[in-house]
Structures are given as C-alpha cells and as structure tokens.
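Next comes run-v1.cif, a file with mmCIF, C-alpha atoms.
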data_protein
#
loop_
_atom_site.label_atom_id
_atom_site.label_comp_id
_atom_site.auth_asym_id
_atom_site.auth_seq_id
_atom_site.Cartn_x
_atom_site.Cartn_y
_atom_site.Cartn_z
CA MET S 1 33.21 -46.75 -126.01
CA ALA S 2 34.91 -43.87 -124.16
CA ALA S 3 31.97 -43.39 -121.78
CA PRO S 4 31.81 -47.03 -120.54
CA LEU S 5 35.60 -47.05 -120.10
CA THR S 6 35.45 -43.80 -118.11
CA LEU S 7 32.71 -45.20 -115.85
CA LEU S 8 34.76 -48.36 -115.36
CA LEU S 9 37.83 -46.33 -114.38
CA ILE S 10 35.80 -44.24 -111.92
CA LEU S 11 34.30 -47.39 -110.36
CA ALA S 12 37.72 -49.06 -110.06
CA VAL S 13 39.33 -45.99 -108.45
CA THR S 14 36.37 -45.63 -106.05
CA ILE S 15 36.67 -49.24 -104.88
CA ARG S 16 40.40 -48.84 -104.28
CA ALA S 17 40.00 -45.50 -102.48
CA ALA S 18 37.33 -46.99 -100.20
CA LEU S 19 39.54 -49.97 -99.32
CA TYR S 20 42.51 -47.67 -98.63
CA ARG S 21 40.37 -45.93 -96.00
CA SER S 22 39.11 -49.18 -94.46
CA SER S 23 40.64 -51.31 -91.72
CA LEU S 24 41.31 -54.04 -94.28
CA ALA S 25 44.21 -52.17 -95.90
CA ASP S 26 46.78 -53.14 -93.24
CA LEU S 27 45.58 -56.76 -93.25
CA ILE S 28 45.82 -57.02 -97.04
CA ALA S 29 49.32 -55.49 -97.03
CA GLU S 30 50.54 -58.38 -94.84
CA ARG S 31 49.12 -61.20 -96.97
CA VAL S 32 51.86 -63.41 -98.44
CA GLU S 33 49.68 -64.11 -101.48
CA VAL S 34 49.54 -60.39 -102.31
CA VAL S 35 53.06 -59.18 -101.54
CA SER S 36 56.48 -60.79 -101.71
CA PRO S 37 59.92 -59.89 -100.32
CA LEU S 38 60.49 -58.07 -103.62
CA THR S 39 57.27 -56.08 -103.86
CA ALA S 40 56.15 -55.43 -100.26
CA TRP S 41 55.45 -51.76 -99.51
CA LYS S 42 56.82 -51.96 -95.95
CA ARG S 43 60.20 -52.91 -97.42
CA VAL S 44 60.07 -49.89 -99.73
CA VAL S 45 59.35 -47.70 -96.69
CA GLU S 46 62.32 -49.27 -94.87
CA GLY S 47 64.53 -48.59 -97.90
CA LEU S 48 63.37 -44.95 -97.98
CA ALA S 49 64.19 -44.58 -94.27
CA LEU S 50 67.71 -45.89 -94.86
CA LEU S 51 68.13 -43.58 -97.86
CA ASP S 52 67.06 -40.55 -95.80
CA LEU S 53 69.66 -41.47 -93.15
CA GLY S 54 72.37 -41.51 -95.80
CA VAL S 55 72.73 -45.31 -95.67
CA SER S 56 72.51 -47.48 -98.77
CA PRO S 57 69.07 -49.14 -98.85
CA TYR S 58 70.85 -52.31 -100.00
CA ALA S 59 73.17 -52.41 -96.98
CA GLY S 60 70.90 -54.85 -95.16
CA ASP S 61 68.68 -57.67 -96.34
CA VAL S 62 65.38 -55.81 -96.37
CA PHE S 63 65.03 -53.83 -99.60
CA HIS S 64 65.27 -55.63 -102.94
CA GLU S 65 63.52 -53.31 -105.39
CA THR S 66 65.42 -51.45 -108.10
CA PRO S 67 67.03 -48.03 -107.48
CA LEU S 68 64.65 -46.26 -109.88
CA ILE S 69 61.69 -47.44 -107.79
CA ILE S 70 63.10 -46.15 -104.51
CA TYR S 71 64.02 -42.80 -106.04
CA LEU S 72 60.55 -42.59 -107.62
CA PHE S 73 58.93 -42.99 -104.21
CA HIS S 74 61.49 -40.71 -102.60
CA PHE S 75 59.47 -37.94 -104.29
CA LEU S 76 56.04 -39.62 -104.38
CA VAL S 77 55.88 -41.35 -100.98
CA ASP S 78 53.15 -38.96 -99.80
CA TYR S 79 51.14 -39.78 -102.93
CA ALA S 80 51.73 -43.54 -102.91
CA GLU S 81 48.04 -44.45 -103.01
CA ILE S 82 47.42 -42.21 -106.01
CA THR S 83 50.54 -43.60 -107.71
CA PHE S 84 49.36 -47.22 -107.41
CA MET S 85 45.82 -46.38 -108.54
CA LEU S 86 47.26 -44.48 -111.48
CA ALA S 87 49.44 -47.48 -112.35
CA ASP S 88 46.34 -49.70 -112.52
CA VAL S 89 44.53 -47.14 -114.67
CA ILE S 90 47.50 -46.89 -117.05
CA THR S 91 47.66 -50.70 -117.31
CA ALA S 92 43.95 -51.00 -118.05
CA VAL S 93 43.94 -48.20 -120.65
CA ALA S 94 47.09 -49.57 -122.33
CA LEU S 95 45.57 -53.06 -122.54
CA TYR S 96 42.30 -51.57 -123.84
CA LEU S 97 44.06 -49.69 -126.64
CA ALA S 98 46.35 -52.63 -127.45
CA VAL S 99 43.49 -55.13 -127.75
CA LYS S 100 41.41 -52.65 -129.76
CA ASP S 101 44.23 -52.26 -132.31
CA TYR S 102 44.91 -56.02 -132.32
CA ASN S 103 41.24 -56.79 -133.03
CA LYS S 104 41.30 -54.43 -136.01
CA GLN S 105 44.28 -56.29 -137.42
CA VAL S 106 42.65 -59.69 -136.80
CA PHE S 107 39.45 -58.57 -138.53
CA ARG S 108 41.43 -57.18 -141.48
CA LYS S 109 43.37 -60.44 -141.95
CA GLN S 110 40.16 -62.43 -141.61
CA LYS S 111 38.47 -60.28 -144.25
CA TYR S 112 41.34 -60.79 -146.72
CA ALA S 113 41.29 -64.56 -146.08
CA LEU S 114 37.52 -64.68 -146.72
CA GLU S 115 37.87 -62.73 -149.94
CA ALA S 116 40.62 -65.09 -151.07
CA GLU S 117 38.42 -68.09 -150.09
CA ARG S 118 41.16 -69.58 -147.93
CA TYR S 119 38.74 -70.97 -145.33
CA PRO S 120 36.86 -74.27 -145.88
CA LEU S 121 33.11 -73.78 -146.21
CA ASP S 122 32.25 -75.88 -143.15
CA CYS S 123 34.30 -73.66 -140.79
CA LEU S 124 32.64 -70.35 -141.56
CA GLU S 125 30.90 -70.57 -138.17
CA LEU S 126 34.34 -70.08 -136.57
CA ILE S 127 34.73 -66.67 -138.20
CA ARG S 128 34.58 -63.81 -135.71
CA SER S 129 32.05 -61.03 -136.27
CA PRO S 130 32.62 -57.30 -135.64
CA LYS S 131 29.76 -57.29 -133.11
CA GLU S 132 31.42 -60.09 -131.15
CA MET S 133 34.77 -58.29 -131.12
CA TYR S 134 33.46 -54.79 -130.35
CA TYR S 135 33.25 -55.10 -126.56
CA ILE S 136 36.37 -57.23 -126.07
CA PRO S 137 38.71 -54.27 -125.28
CA LEU S 138 36.29 -53.05 -122.60
CA LYS S 139 36.04 -56.57 -121.17
CA VAL S 140 39.84 -56.76 -120.99
CA ALA S 141 39.99 -53.50 -119.03
CA MET S 142 37.18 -54.76 -116.79
CA PHE S 143 38.89 -58.10 -116.21
CA TYR S 144 41.98 -56.26 -115.04
CA LEU S 145 40.50 -53.41 -113.01
CA LEU S 146 37.75 -55.39 -111.24
CA ASN S 147 39.76 -58.56 -110.71
CA PRO S 148 40.03 -59.11 -106.92
CA PHE S 149 43.69 -60.04 -107.42
CA THR S 150 44.41 -56.62 -108.98
CA ILE S 151 42.43 -54.78 -106.32
CA LEU S 152 44.22 -56.59 -103.49
CA SER S 153 47.60 -55.89 -105.07
CA CYS S 154 46.80 -52.19 -105.43
CA VAL S 155 45.45 -51.82 -101.88
CA ALA S 156 48.55 -53.57 -100.51
CA LYS S 157 50.65 -51.08 -102.52
CA SER S 158 52.59 -53.91 -104.09
CA THR S 159 55.14 -52.70 -106.64
CA CYS S 160 53.91 -55.53 -108.87
CA GLY S 161 51.30 -53.02 -110.10
CA LEU S 162 54.08 -50.80 -111.46
CA ASN S 163 55.67 -53.78 -113.24
CA ASN S 164 52.31 -54.62 -114.81
CA ALA S 165 51.97 -51.04 -116.06
CA VAL S 166 55.37 -51.21 -117.76
CA ILE S 167 54.56 -54.57 -119.39
CA ALA S 168 51.17 -53.26 -120.55
CA LEU S 169 52.88 -50.24 -122.15
CA PHE S 170 55.34 -52.61 -123.81
CA ILE S 171 52.45 -54.63 -125.25
CA LEU S 172 50.71 -51.46 -126.46
CA THR S 173 53.79 -50.02 -128.17
CA THR S 174 54.60 -53.39 -129.74
CA ILE S 175 51.11 -53.81 -131.20
CA LYS S 176 51.19 -50.20 -132.42
CA GLY S 177 54.45 -51.08 -134.22
CA ASN S 178 56.67 -48.55 -132.43
CA VAL S 179 60.03 -50.36 -132.37
CA LEU S 180 61.92 -47.87 -130.21
CA LEU S 181 59.31 -47.55 -127.46
CA SER S 182 58.75 -51.30 -127.49
CA ALA S 183 62.46 -51.89 -126.84
CA ILE S 184 62.56 -49.20 -124.13
CA PHE S 185 59.57 -50.54 -122.20
CA LEU S 186 60.80 -54.13 -122.54
CA SER S 187 64.20 -53.11 -121.17
CA LEU S 188 62.46 -51.31 -118.29
CA ALA S 189 60.40 -54.44 -117.53
CA THR S 190 63.56 -56.57 -117.66
CA TYR S 191 65.37 -54.06 -115.44
CA GLN S 192 62.59 -54.49 -112.89
CA SER S 193 62.47 -58.29 -112.67
CA ILE S 194 64.65 -60.09 -115.30
CA TYR S 195 61.93 -62.54 -116.42
CA PRO S 196 60.27 -60.26 -119.06
CA LEU S 197 63.39 -60.94 -121.12
CA THR S 198 61.39 -63.88 -122.55
CA LEU S 199 58.95 -61.39 -124.12
CA CYS S 200 61.69 -60.34 -126.54
CA ALA S 201 60.85 -63.28 -128.86
CA PRO S 202 57.13 -62.45 -129.38
CA ALA S 203 58.00 -58.76 -129.76
CA LEU S 204 60.46 -59.54 -132.55
CA LEU S 205 58.00 -61.90 -134.25
CA TYR S 206 55.21 -59.34 -134.13
CA LEU S 207 57.31 -56.40 -135.30
CA THR S 208 58.82 -58.36 -138.20
CA GLN S 209 55.32 -59.30 -139.34
CA ARG S 210 54.21 -55.70 -138.93
CA GLN S 211 57.04 -54.52 -141.18
CA TYR S 212 56.60 -57.41 -143.66
CA ILE S 213 60.01 -58.89 -142.90
CA PRO S 214 59.98 -62.70 -143.34
CA VAL S 215 61.23 -64.75 -140.38
CA ASN S 216 63.99 -66.44 -142.32
CA PHE S 217 67.39 -67.08 -140.78
CA ARG S 218 68.99 -66.87 -144.23
CA ARG S 219 67.65 -63.39 -144.97
CA PHE S 220 69.88 -60.42 -144.17
CA SER S 221 66.84 -58.18 -143.60
CA PHE S 222 65.68 -60.38 -140.72
CA TRP S 223 69.04 -60.35 -138.91
CA TRP S 224 69.44 -56.62 -139.53
CA PHE S 225 66.09 -55.93 -137.85
CA VAL S 226 66.98 -58.25 -134.93
CA ALA S 227 70.29 -56.41 -134.53
CA GLN S 228 68.51 -53.02 -134.52
CA TYR S 229 65.99 -54.14 -131.91
CA ALA S 230 68.70 -55.77 -129.78
CA PHE S 231 70.78 -52.58 -129.93
CA MET S 232 67.85 -50.43 -128.77
CA TYR S 233 66.88 -52.95 -126.08
CA LEU S 234 70.40 -53.50 -124.69
CA GLY S 235 71.22 -49.80 -125.03
CA SER S 236 68.16 -48.81 -122.98
CA LEU S 237 68.97 -51.46 -120.39
CA PHE S 238 72.57 -50.24 -120.18
CA VAL S 239 71.39 -46.65 -119.63
CA MET S 240 69.07 -47.74 -116.80
CA ILE S 241 71.79 -49.78 -115.10
CA CYS S 242 74.28 -46.92 -115.36
CA LEU S 243 71.68 -44.41 -114.14
CA SER S 244 71.08 -46.63 -111.11
CA PHE S 245 74.83 -46.63 -110.43
CA PHE S 246 75.04 -42.83 -110.62
CA LEU S 247 72.05 -42.45 -108.28
CA LEU S 248 73.51 -44.81 -105.65
CA GLY S 249 77.21 -44.38 -106.26
CA SER S 250 77.78 -48.13 -106.05
CA TRP S 251 76.90 -51.47 -107.62
CA ASP S 252 75.41 -52.84 -104.38
CA TYR S 253 71.98 -53.09 -105.95
CA LEU S 254 73.00 -55.76 -108.49
CA PRO S 255 73.36 -58.66 -105.99
CA SER S 256 70.55 -57.27 -103.81
CA VAL S 257 68.04 -57.13 -106.68
CA TYR S 258 69.02 -59.58 -109.42
CA GLY S 259 71.06 -61.90 -107.21
CA PHE S 260 68.09 -62.04 -104.82
CA ILE S 261 65.68 -62.96 -107.64
CA LEU S 262 67.95 -65.67 -109.03
CA SER S 263 69.38 -67.19 -105.83
CA VAL S 264 66.08 -67.15 -103.84
CA PRO S 265 67.61 -66.69 -100.35
CA ASP S 266 64.34 -65.55 -98.72
CA LEU S 267 62.04 -68.56 -98.32
CA THR S 268 59.02 -66.65 -97.04
CA PRO S 269 55.91 -68.65 -98.06
CA ASN S 270 54.13 -67.40 -101.18
CA ILE S 271 51.97 -68.77 -104.01
CA GLY S 272 55.03 -69.94 -105.96
CA LEU S 273 56.83 -73.26 -106.25
CA PHE S 274 60.26 -72.31 -104.90
CA TRP S 275 59.93 -71.65 -101.18
CA TYR S 276 58.91 -75.07 -99.81
CA PHE S 277 61.11 -77.04 -102.19
CA PHE S 278 64.26 -75.14 -101.25
CA ALA S 279 63.38 -75.10 -97.55
CA GLU S 280 63.52 -78.90 -97.64
CA MET S 281 66.53 -79.05 -100.00
CA PHE S 282 69.94 -80.35 -98.87
CA GLU S 283 72.42 -77.51 -99.29
CA HIS S 284 74.79 -79.37 -101.65
CA PHE S 285 71.91 -79.96 -104.11
CA ARG S 286 70.64 -76.39 -103.94
CA LEU S 287 72.66 -74.87 -106.80
CA PHE S 288 71.72 -77.61 -109.26
CA PHE S 289 67.99 -77.42 -108.61
CA LEU S 290 68.11 -73.63 -108.48
CA CYS S 291 69.50 -73.64 -112.03
CA VAL S 292 66.84 -76.15 -113.11
CA PHE S 293 63.99 -74.06 -111.64
CA GLN S 294 65.26 -70.79 -113.12
CA ILE S 295 66.05 -72.21 -116.56
CA ASN S 296 62.55 -73.71 -116.59
CA ILE S 297 61.05 -70.23 -117.13
CA PHE S 298 63.27 -69.44 -120.11
CA PHE S 299 63.18 -72.95 -121.59
CA TYR S 300 59.60 -72.71 -122.91
CA THR S 301 60.36 -69.60 -124.97
CA ILE S 302 62.00 -71.43 -127.89
CA PRO S 303 59.41 -74.21 -128.50
CA LEU S 304 56.49 -71.82 -127.98
CA SER S 305 58.06 -69.30 -130.37
CA ILE S 306 58.49 -71.97 -133.02
CA LYS S 307 54.92 -73.23 -132.64
CA LEU S 308 53.30 -69.79 -132.41
CA LYS S 309 55.54 -67.80 -134.76
CA GLU S 310 52.49 -66.73 -136.79
CA HIS S 311 50.59 -65.68 -133.64
CA PRO S 312 52.90 -63.52 -131.51
CA VAL S 313 50.13 -61.89 -129.46
CA PHE S 314 48.95 -65.28 -128.23
CA LEU S 315 52.61 -66.05 -127.56
CA ILE S 316 52.80 -62.96 -125.32
CA PHE S 317 49.81 -64.30 -123.37
CA MET S 318 51.51 -67.69 -122.98
CA GLN S 319 54.80 -66.13 -121.89
CA LEU S 320 53.11 -63.92 -119.29
CA ALA S 321 51.39 -67.00 -117.87
CA VAL S 322 54.64 -68.99 -117.74
CA ILE S 323 56.38 -66.12 -115.95
CA SER S 324 53.63 -65.71 -113.36
CA ILE S 325 53.56 -69.45 -112.60
CA PHE S 326 57.28 -70.24 -112.49
CA LYS S 327 58.96 -67.03 -111.26
CA SER S 328 60.73 -67.17 -107.90
CA TYR S 329 58.53 -64.67 -106.02
CA PRO S 330 55.08 -64.59 -107.66
CA THR S 331 52.05 -62.71 -106.34
CA VAL S 332 48.40 -62.56 -107.32
CA GLY S 333 49.14 -59.32 -109.18
CA ASP S 334 51.23 -61.24 -111.71
CA ILE S 335 48.36 -63.64 -112.33
CA ALA S 336 45.89 -60.78 -112.82
CA LEU S 337 47.84 -59.47 -115.81
CA TYR S 338 47.57 -62.59 -117.97
CA LEU S 339 44.00 -63.32 -116.78
CA ALA S 340 43.02 -59.95 -118.27
CA PHE S 341 43.69 -61.41 -121.74
CA LEU S 342 41.09 -64.17 -121.41
CA PRO S 343 38.30 -62.13 -123.09
CA VAL S 344 40.56 -61.79 -126.17
CA TRP S 345 40.33 -65.56 -126.59
CA SER S 346 36.59 -65.85 -125.87
CA HIS S 347 36.12 -67.36 -129.35
CA LEU S 348 38.03 -70.44 -128.15
CA HIS S 349 35.43 -71.45 -125.54
CA ARG S 350 33.86 -74.12 -127.73
CA PHE S 351 37.18 -75.96 -127.84
CA LEU S 352 38.09 -75.70 -124.15
CA ARG S 353 37.90 -79.03 -122.33
CA ASN S 354 38.45 -78.33 -118.61
CA ILE S 355 37.46 -74.71 -118.15
CA PHE S 356 34.70 -75.34 -115.59
CA LEU S 357 36.80 -77.65 -113.42
CA VAL S 358 39.86 -75.40 -113.58
CA SER S 359 37.81 -72.30 -112.73
CA CYS S 360 36.33 -74.04 -109.69
CA VAL S 361 39.77 -75.17 -108.52
CA LEU S 362 41.22 -71.64 -108.88
CA LEU S 363 38.31 -70.14 -106.93
CA ALA S 364 38.51 -72.80 -104.21
CA CYS S 365 42.28 -72.38 -103.83
CA SER S 366 41.95 -68.60 -103.65
CA ALA S 367 39.47 -69.01 -100.79
CA LEU S 368 41.56 -71.65 -99.01
CA PHE S 369 44.85 -69.69 -99.01
CA PRO S 370 43.94 -67.49 -96.00
CA VAL S 371 42.18 -70.39 -94.24
CA LEU S 372 45.19 -72.72 -94.34
CA TRP S 373 47.55 -69.86 -93.50
CA HIS S 374 45.52 -69.15 -90.36
CA LEU S 375 45.47 -72.84 -89.41
CA TRP S 376 49.24 -73.05 -89.85
CA ILE S 377 50.51 -69.76 -88.39
CA TYR S 378 47.86 -68.77 -85.83
CA ALA S 379 45.84 -71.84 -84.82
CA GLY S 380 48.80 -74.23 -84.98
CA SER S 381 46.53 -77.07 -86.08
CA ALA S 382 48.19 -77.41 -89.53
CA ASN S 383 51.71 -77.12 -90.92
CA SER S 384 53.55 -75.92 -94.02
CA ASN S 385 52.57 -79.08 -95.93
CA PHE S 386 48.94 -77.96 -95.94
CA TYR S 387 49.74 -74.52 -97.32
CA TYR S 388 52.15 -75.84 -99.94
CA ALA S 389 49.60 -78.45 -101.02
CA ILE S 390 47.08 -75.74 -101.86
CA THR S 391 49.86 -73.77 -103.56
CA LEU S 392 50.69 -76.77 -105.75
CA LEU S 393 47.04 -77.27 -106.63
CA PHE S 394 46.69 -73.58 -107.48
CA ASN S 395 49.68 -73.70 -109.84
CA VAL S 396 48.57 -76.98 -111.41
CA ALA S 397 45.19 -75.35 -112.11
CA GLN S 398 46.95 -72.43 -113.78
CA ILE S 399 49.01 -74.81 -115.92
CA LEU S 400 45.85 -76.69 -116.94
CA LEU S 401 44.13 -73.39 -117.76
CA VAL S 402 46.96 -72.17 -119.97
CA SER S 403 47.48 -75.54 -121.68
CA ASP S 404 43.73 -75.76 -122.32
CA TYR S 405 43.76 -72.39 -124.07
CA PHE S 406 46.87 -73.45 -125.98
CA TYR S 407 45.11 -76.62 -127.18
CA ALA S 408 41.94 -74.69 -128.09
CA PHE S 409 43.91 -72.09 -130.04
CA LEU S 410 45.83 -74.68 -132.06
CA ARG S 411 42.67 -76.69 -132.69
CA ARG S 412 40.80 -73.67 -134.05
CA GLU S 413 43.72 -72.80 -136.34
CA HIS S 414 43.77 -76.41 -137.59
CA HIS S 415 40.04 -76.30 -138.33
CA LEU S 416 40.43 -73.01 -140.20
CA SER S 417 42.97 -74.73 -142.45
CA TYR S 418 41.44 -78.20 -142.89
CA GLY S 419 37.76 -77.82 -142.08
CA LEU S 420 35.62 -78.17 -138.97
CA TYR S 421 34.43 -81.73 -139.55
CA LEU S 422 37.45 -83.96 -140.09
CA LYS S 423 37.13 -87.35 -141.77
CA ARG S 424 39.37 -90.38 -141.93
CA LYS S 425 40.14 -92.11 -145.23
CA ASP S 426 37.31 -94.60 -144.59
CA GLY S 427 34.82 -91.72 -144.15
CA SER S 428 34.40 -92.05 -140.40
CA GLU S 429 34.71 -89.03 -138.08
CA ALA S 430 38.29 -88.25 -137.02
CA THR S 431 39.42 -86.99 -133.62
CA LEU S 432 42.02 -84.22 -133.36
CA VAL S 433 44.84 -85.02 -130.92
CA LEU S 434 47.39 -82.45 -129.77
CA LYS S 435 50.91 -83.96 -129.63
#
When written as structure tokens, how does the structure in this file appear?
Amino acid sequence: MAAPLTLLLILAVTIRAALYRSSLADLIAERVEVVSPLTAWKRVVEGLALLDLGVSPYAGDVFHETPLIIYLFHFLVDYAEITFMLADVITAVALYLAVKDYNKQVFRKQKYALEAERYPLDCLELIRSPKEMYYIPLKVAMFYLLNPFTILSCVAKSTCGLNNAVIALFILTTIKGNVLLSAIFLSLATYQSIYPLTLCAPALLYLTQRQYIPVNFRRFSFWWFVAQYAFMYLGSLFVMICLSFFLLGSWDYLPSVYGFILSVPDLTPNIGLFWYFFAEMFEHFRLFFLCVFQINIFFYTIPLSIKLKEHPVFLIFMQLAVISIFKSYPTVGDIALYLAFLPVWSHLHRFLRNIFLVSCVLLACSALFPVLWHLWIYAGSANSNFYYAITLLFNVAQILLVSDYFYAFLRREHHLSYGLYLKRKDGSEATLVLK
C-alpha cells in the first residue's frame, strides 16, 4: 500500500506545483469561496509587513489569524508554497493512517460479534469483508488530495489547510489512543478557530472505549478520565494563549481573532450562512441572532453524542460537517476535510436515499458560484440575492448529504441488531422510519 500512496502524493504535489506556476494562482487566491477574511494569504502578508515595521499586526482590521501562524510564516514566508503542500500531505497521510487503524478495530469487533453469533442470520450480507476495507485508507487520502476544493485551497495558500492538518493529526492521535497528543492537537485546533471545541465529546467517547472505561456518570473512573483529559486540553490551550501573549507583548489578538470569529463584523460574501443575513439585519436584533447562529454549531454536540456514543468516529465525521456548514467564515477547504471521510462509509450506500440528487446539486452549485459572482460583481446583471440563493442551496445540499449518511448509518446498525427483513406482528413487511 506504500507504493500507491507515494504515487498519489507525488501526483498531488505535482498538480499543486503546476498550478502555483500558472496564471490561475492569483485568480484562485481572490475567490471568496476559497479564502475568507480569516484565512486569506494576502492578509497574512499584510500582517507580516506590519510585524516587520514594528507595528502590531492586530492594530488595524486586516489580519485575524492567530499569533503562532504569523510567527510561523515570519520564518517560512519564502517557503509558503512548500509549507501549504506539506500541510496537505500531512493531512492525507494522517487520515490514511487513522482510517487504516480504525478499519482494523472495526474488523476485530465484527469478528468477535460473528463468533458470538450476535448478528441475525439474514443480515450477514451487511458484514464488511477485508477485501472491501483494504483500499479504503487509500481512497480517503485520494478523496482529500485530489478533491478540487483541497487543491484550490492549497493553491490560494489559505490557512484553512493548516487547520485541516492539525485536525487530521488530532483524529490520528485519538484513534491511536494517545491521550496526551490528542488533547494537545485538539487544543491547537481550538486555538486556531474555536469551533473544534465540539470535537472534545467524540474524543472522550472514543478514548474511554479504548481504555475500557464505561460511560457512566455514576462511575468515578469515568469522571477521573474526563478530568485528566480536560486538564491536558485546557493546560495546552493555556500554554498557547500565554505563548501568544509573550510573542506579541499584548492581548490585542484576543478580540482580533476570537472576537472577530464570534461577532462576525466582516460581511464579505462567502459560502456560509452569516454574511447576507446579518447584512440585512436591523442592528438592535443583531446580538440576539448572532447568539442563535453561534450556539447552533455547539447545540448539536449533545444530542449527537447521546445518539452516537457507541460510534465516536462517525460522530467526529458528523461534527466536522456541522462545523463546516454553520461556522461564521467557511471555505471549500473546510468541506474537503469531512468529504474525505465518505469512503469510510461506503458500506452505507445501499441505505442512502438522496445521494444522486444531492451530488448533482453540490456539483451544480460549485459550478454556479463563479458564474453568479461574475454576474453580480462584474456584469451588474444580478445582485446579492442570486449569490446568496446558490449559497443557501449549497448548504441545504450539504445538510441533506450529512443527514442521509446519518440515517443510513442508524438504519444499518438497527438491521445488525434486529435483522435485515423486518416484519410486523401480522407478518407483513415493516418500514423503518427515523424519528
């Protein structure tokens, strides 16, 4: 498997290097679908210029990345292209290794369940075979590296690629069962953009299962493990925040980074749901709806954690999708990360209901984004309503995609417990309804 992965990495780097040298690089770097006020490379360059002049990069309203990012590129600015390509390679390899280890655990659990005869006889066709699972890690790496969204994000030098690398390393260390590194990478992801805080729940669920600690609120062992993980997570976050203060000599970055993410002052159009809504919002309603929109991202964590407490890896997939859909400044790079997990759930295809329609809508919207932007900004024959309409449709398609996979996953688990062909009491065929 190492040879195909190596060839895939070489191909992915070659495509990115060729696009960096083409005339398309500057055009891609300006696309609002690819970069946001948080992740745009030109804003990082502006921040570096201010830093070189001895002025705080947060003095104006241009730079909104974290201090560690600007000091990273203070040394690597001449190697920015290599840095972003390396970030994509790290993400792909981390996802490859994580999925490979996860598949081994799934196959082991499935083998024990078969030996214990826990599955009904009529659902044996749902059992996954080693041959079917063998190429899934490579497909995951391919889905990430060759996804046009990932390529565009890398060529635009969007710092979203660095965030994805950190989250991928968090997923890898969590699945490997390394509690300390999991907490460190999760704190680094949270330090970068706040929203990965919601990944704390699936990490705890997975690690408790890995260490055979029952998720029981009355058990001391459970709360002791939660306290240990919280201490490592909050301790790492505290160190990063203090390190940022010592590098800058002030706390100016807190409102410029986290206040900017939460208060959404920059209403530059993007593929998210915030910009148009708050552009049309009366000012005295703004705070209320801002709280509603931001809480919306964190609200789903509790019900999803309760429903998927036995399946924390699928919960990570769901949480990544929720973050990429509902965050304040999303880009296509955020979407590429959770789309990379789709091959892991390829065994759910027989239960998906709207996959063809949703796929067509996502492809059509992706093609229409630049068209409607041109009609609005350059041709003047359209307005913001047209662009926001396609944004809404794009996000609705994502919600339908994720909910379809959620339904398919729960349905397969139900069949594995109660049989594939369900019957009513009168002997007629029953229909499974998700409520």
(Q) Report, in Å with one decimal, the straight-line distance from CA of Leu205 in chain S to CA of Leu172 in chain S. (A) 14.9 Å
(Q) From the options S:Ile127, S:Val44, S:Pro120, S:Arg16, which residue's atoms come nearest to Glu81 in chain S, counting all atoms listed in the file? (A) S:Arg16
Q: Please write as a count of residues only the full residue list that the PyMOL selection byres ((chain S and resi 262) around 12) yields on this file.
A: 29
Q. Counting only C-alpha atoms, which residues come within 12 Å of (35.1, -72.7, -134.8), with the point read in the file's coordinates, and could you list them as a ChimeraX atom specification?
A. /S:119-128,346-352,408-421
Q | Distance query range 92-99 of chain S at most 6 Å, all atoms listed in the file, self and fewer than 3 positions along chain excluded, as an MDAnalysis selection string | A | chainID S and resid 89 102:103 137 141 168:169 172
Q. Expressed in Å to a single decimal, how great is the separation between CA of Asn163 in chain S and CA of Ala87 in chain S?
A.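 Between CA of Asn163 in chain S and CA of Ala87 in chain S the gap is 8.9 Å.
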Q | For Leu248 in chain S: contacts at 12 Å, all atoms listed in the file, fewer than 4 positions along chain excluded, given as an MDAnalysis selection string | A | chainID S and resid 51 54:59 66:68 70:71 241:244 252:254
(Q) I'd like the interatomic distance between CA of Ala367 in chain S and CA of Leu267 in chain S, to a tenth of an Å. (A)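 Going from CA of Ala367 in chain S over to CA of Leu267 in chain S, I get 22.7 Å.
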May I have the centre and edge lengths, in Å to one decimal, of an axis-aligned box around the listed atoms of range 39-47 of chain S with 5 Å added to every side, as lines of an AutoDock Vina configuration file?
center_x = 60.0
center_y = -51.9
center_z = -99.4
size_x = 19.1
size_y = 18.4
size_z = 19.0
Q.
Which residues, named as in the file, does the PyMOL selection byres ((chain S and resi 308) around 12) pick out? Answer as a PyMOL selection string.
A. chain S and resi 201-202+205-206+300-307+309-319+406-407+409-410+413
Q: Return the single residue from S:Ala340, S:Ala389, S:Phe394, S:Ser324 that is closest to Cys365 in chain S, with distances computed using only C-alpha atoms.
A: S:Phe394
Q: Pick out the closest residue to Asn178 in chain S from this set: S:Phe246, S:Val215, S:Met232, S:Leu7. Count only C-alpha atoms.
A: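 Of S:Phe246, S:Val215, S:Met232, S:Leu7, the one nearest Asn178 in chain S is S:Met232, counting only C-alpha atoms.
Remark: for Thr159 in chain S, the closest of the candidate residues S:Ile10, S:Val34, S:Ala17, S:Ile28 is S:Val34 (distances computed over only C-alpha atoms).
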Q.
At a cut-off of 9 Å, using all atoms listed in the file, what residues contact Ala25 in chain S? Leave out same-chain residues fewer than 4 positions from it and give the result as a list of chain:residue names.
A. S:Leu19, S:Tyr20, S:Arg21, S:Ala29, S:Glu30, S:Leu152, S:Val155, S:Ala156
Q: Spell out the residues picked by the PyMOL selection byres ((chain S and resi 366) around 10) here, as a list in words.
A: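 Going through the file, the PyMOL selection byres ((chain S and resi 366) around 10) ends up selecting Glu33, Phe149, Val332, Cys360, Val361, Leu362, Leu363, Ala364, Cys365, Ala367, Leu368, Phe369, Pro370, Val371, Ile390, Thr391 and Phe394 of chain S.
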